[in-house]
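*Asks:* Below you will find the structure I want to go over with you.
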Amino acid sequence: MISHAFRQTVEVRCRLELNYADEREAEKVLKAVAVDNEGFVVARREGSTIISEISSENILSMVQTIEDYLACVSIAEKTIKAAGEHPHARQPPRLSRKRASRRVS
């Protein structure tokens with residue numbers, strides 16, 4: 001039997017650096033995953049790099065947090081790429097201001 005007096009508290013830390021083509025892309029990804037980060041990941045942008053710091057009380061929790069975080073990052077990257085490839089991504093389609101004419105008989 002292990003006494004509680006001999007237990008040590010361990011803190012596991014991880015630092016991820018995600019590099020992007022430019023600052024704009026890095027900022028979009030950072031903003032997209034910010035909601036999911038709260039309480040788990042501290043992230044900031046330095047130029048075109050996102051620096052993410054994660055801390056946990058055990059390895060298993062750390063691995064799960066990293067896996068979830070990278071899944072969210074991957075989805076954000078794919079969404080940003082898909083939006084950039086969409087023909088109307090840069091300019092929203094214009095709505096016609098013409099009013100339909102109605103004939104009354």
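Residues are referred to by chain and number: the chain letter is A, B, ... according to the order shown in the structure tokens, the number counts from 1 in that chain, and ligands are numbered separately from 1 in the order shown.
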Counting only C-alpha atoms, what is within 10 Å of range 32-36 of chain A, bar same-chain residues fewer than 3 positions away, as a PDB file with C-alpha atoms, in the first residue's frame?

*Replies:*
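And here's part30.pdb as it stands now:
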ATOM      1  CA  ALA A  26      -1.890  31.935 -38.421  1.00  0.00           C
ATOM      2  CA  GLU A  27      -4.257  34.554 -36.960  1.00  0.00           C
ATOM      3  CA  LYS A  28      -7.298  32.902 -38.568  1.00  0.00           C
ATOM      4  CA  VAL A  29      -6.394  29.498 -37.121  1.00  0.00           C
ATOM      5  CA  GLY A  39      -8.831  26.298 -19.617  1.00  0.00           C
ATOM      6  CA  PHE A  40      -6.669  23.789 -21.485  1.00  0.00           C
ATOM      7  CA  VAL A  41      -4.312  25.542 -23.895  1.00  0.00           C
ATOM      8  CA  VAL A  42      -2.621  28.934 -23.762  1.00  0.00           C
ATOM      9  CA  ALA A  43      -1.868  30.023 -27.317  1.00  0.00           C
ATOM     10  CA  ARG A  44      -0.474  33.129 -28.932  1.00  0.00           C
ATOM     11  CA  ASP A  68      -8.112  17.263 -29.159  1.00  0.00           C
ATOM     12  CA  TYR A  69      -6.210  20.496 -29.795  1.00  0.00           C
ATOM     13  CA  LEU A  70      -4.565  19.246 -32.982  1.00  0.00           C
ATOM     14  CA  ALA A  71      -7.914  17.908 -34.236  1.00  0.00           C
ATOM     15  CA  CYS A  72      -9.437  21.381 -33.762  1.00  0.00           C
ATOM     16  CA  VAL A  73      -6.453  22.991 -35.501  1.00  0.00           C
ATOM     17  CA  SER A  74      -6.793  20.568 -38.418  1.00  0.00           C
ATOM     18  CA  ILE A  75     -10.495  21.352 -38.826  1.00  0.00           C
ATOM     19  CA  ALA A  76      -9.778  25.091 -38.675  1.00  0.00           C
ATOM     20  CA  GLU A  77      -7.068  24.757 -41.341  1.00  0.00           C
ATOM     21  CA  THR A  79     -12.211  25.197 -43.188  1.00  0.00           C
ATOM     22  CA  ILE A  80      -9.998  28.205 -43.902  1.00  0.00           C
TER      23      ILE A  80
END

*Asks:* Per DSSP on the backbone, filter range 5-99 of chain A down to the residues in strand (DSSP E or B) and report them as an mmCIF file with C-alpha atoms, in the first residue's frame.

*Replies:*
data_model
loop_
_atom_site.group_PDB
_atom_site.id
_atom_site.type_symbol
_atom_site.label_atom_id
_atom_site.label_comp_id
_atom_site.auth_asym_id
_atom_site.auth_seq_id
_atom_site.Cartn_x
_atom_site.Cartn_y
_atom_site.Cartn_z
ATOM 1 C CA VAL A 12 3.574 17.702 -17.471
ATOM 2 C CA ARG A 13 4.181 20.549 -19.906
ATOM 3 C CA CYS A 14 4.147 20.701 -23.670
ATOM 4 C CA ARG A 15 4.951 23.493 -26.108
ATOM 5 C CA LEU A 16 3.792 23.238 -29.718
ATOM 6 C CA GLU A 17 4.928 25.570 -32.477
ATOM 7 C CA LEU A 18 2.737 25.561 -35.575
ATOM 8 C CA ASN A 19 4.193 27.414 -38.563
ATOM 9 C CA VAL A 41 -4.312 25.542 -23.895
ATOM 10 C CA VAL A 42 -2.621 28.934 -23.762
ATOM 11 C CA ALA A 43 -1.868 30.023 -27.317
ATOM 12 C CA ARG A 44 -0.474 33.129 -28.932
ATOM 13 C CA ARG A 45 0.781 34.184 -32.332
ATOM 14 C CA GLU A 46 4.331 35.342 -33.019
ATOM 15 C CA THR A 49 3.801 30.909 -35.863
ATOM 16 C CA ILE A 50 1.233 29.843 -33.282
ATOM 17 C CA ILE A 51 2.848 28.943 -29.978
ATOM 18 C CA SER A 52 0.649 26.733 -27.825
ATOM 19 C CA GLU A 53 1.470 25.760 -24.251
ATOM 20 C CA ILE A 54 -0.327 22.952 -22.471
ATOM 21 C CA SER A 55 0.102 21.739 -18.915
ATOM 22 C CA SER A 56 -1.491 18.781 -17.188
#

*Asks:* What is the CA of Lys31 in chain A to CA of Gln64 in chain A distance in Å?

*Replies:*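 Going from CA of Lys31 in chain A over to CA of Gln64 in chain A, I get 21.3 Å.
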
*Asks:* May I ask for the distance between CA of Glu25 in chain A and CA of Ile66 in chain A, given in Å to one decimal place?

*Replies:*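 Computed distance, CA of Glu25 in chain A to CA of Ile66 in chain A, equals 20.8 Å.
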
*Asks:* May I ask for the distance between CA of Asn58 in chain A and CA of Thr9 in chain A, given in Å to one decimal place?

*Replies:*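 Distance reported for this atom pair: 9.1 Å.
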
*Asks:* Per DSSP on the backbone, what are the alpha helix (DSSP H) residues of range 44-86 of chain A, as JSON, numbers by chain?

*Replies:* {"A": [59, 60, 61, 62, 63, 64, 65, 66, 67, 68, 69, 70, 71, 72, 73, 74, 75, 76, 77, 78, 79, 80, 81, 82, 83, 84, 85]}

*Asks:* Go ahead and dump the residues you just picked, N, CA and C atoms, as a compact mmCIF listing (two decimals), in the first residue's frame.

*Replies:*
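Writing the result to part01.txt gives the following:
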# COMPACT_ATOMS: atom_id res chain seq x y z
N ILE A 59 0.34 12.30 -17.80
CA ILE A 59 0.63 12.07 -19.22
C ILE A 59 -0.62 11.77 -20.02
N LEU A 60 -1.49 10.93 -19.52
CA LEU A 60 -2.70 10.55 -20.25
C LEU A 60 -3.55 11.77 -20.57
N SER A 61 -3.75 12.63 -19.60
CA SER A 61 -4.51 13.86 -19.81
C SER A 61 -3.82 14.75 -20.85
N MET A 62 -2.50 14.81 -20.78
CA MET A 62 -1.73 15.62 -21.74
C MET A 62 -1.94 15.11 -23.16
N VAL A 63 -1.81 13.81 -23.34
CA VAL A 63 -1.97 13.21 -24.67
C VAL A 63 -3.38 13.49 -25.22
N GLN A 64 -4.38 13.35 -24.38
CA GLN A 64 -5.76 13.61 -24.81
C GLN A 64 -5.95 15.08 -25.18
N THR A 65 -5.38 15.98 -24.40
CA THR A 65 -5.51 17.41 -24.69
C THR A 65 -4.81 17.75 -26.00
N ILE A 66 -3.61 17.23 -26.21
CA ILE A 66 -2.89 17.50 -27.46
C ILE A 66 -3.67 16.95 -28.65
N GLU A 67 -4.18 15.75 -28.51
CA GLU A 67 -4.96 15.14 -29.60
C GLU A 67 -6.19 15.98 -29.94
N ASP A 68 -6.92 16.42 -28.93
CA ASP A 68 -8.11 17.26 -29.16
C ASP A 68 -7.73 18.59 -29.80
N TYR A 69 -6.66 19.20 -29.28
CA TYR A 69 -6.21 20.50 -29.79
C TYR A 69 -5.81 20.40 -31.26
N LEU A 70 -5.01 19.39 -31.60
CA LEU A 70 -4.56 19.25 -32.98
C LEU A 70 -5.72 18.89 -33.92
N ALA A 71 -6.72 18.18 -33.43
CA ALA A 71 -7.91 17.91 -34.24
C ALA A 71 -8.65 19.21 -34.54
N CYS A 72 -8.78 20.08 -33.55
CA CYS A 72 -9.44 21.38 -33.76
C CYS A 72 -8.64 22.25 -34.73
N VAL A 73 -7.31 22.24 -34.59
CA VAL A 73 -6.45 22.99 -35.50
C VAL A 73 -6.62 22.47 -36.93
N SER A 74 -6.64 21.17 -37.09
CA SER A 74 -6.79 20.57 -38.42
C SER A 74 -8.11 20.98 -39.07
N ILE A 75 -9.18 20.95 -38.30
CA ILE A 75 -10.49 21.35 -38.83
C ILE A 75 -10.48 22.83 -39.20
N ALA A 76 -9.87 23.66 -38.37
CA ALA A 76 -9.78 25.09 -38.67
C ALA A 76 -9.00 25.32 -39.97
N GLU A 77 -7.88 24.61 -40.13
CA GLU A 77 -7.07 24.76 -41.34
C GLU A 77 -7.85 24.34 -42.59
N LYS A 78 -8.55 23.23 -42.50
CA LYS A 78 -9.33 22.74 -43.64
C LYS A 78 -10.47 23.70 -43.99
N THR A 79 -11.11 24.25 -42.96
CA THR A 79 -12.21 25.20 -43.19
C THR A 79 -11.70 26.48 -43.83
N ILE A 80 -10.58 26.98 -43.34
CA ILE A 80 -10.00 28.21 -43.90
C ILE A 80 -9.58 27.98 -45.36
N LYS A 81 -8.99 26.83 -45.62
CA LYS A 81 -8.58 26.50 -47.00
C LYS A 81 -9.79 26.40 -47.91
N ALA A 82 -10.83 25.71 -47.45
CA ALA A 82 -12.04 25.55 -48.26
C ALA A 82 -12.70 26.90 -48.52
N ALA A 83 -12.73 27.76 -47.53
CA ALA A 83 -13.34 29.09 -47.71
C ALA A 83 -12.54 29.92 -48.71
N GLY A 84 -11.23 29.76 -48.70
CA GLY A 84 -10.37 30.50 -49.63
C GLY A 84 -10.52 30.02 -51.06
N GLU A 85 -10.91 28.77 -51.24
CA GLU A 85 -11.08 28.22 -52.58
C GLU A 85 -12.46 28.49 -53.14
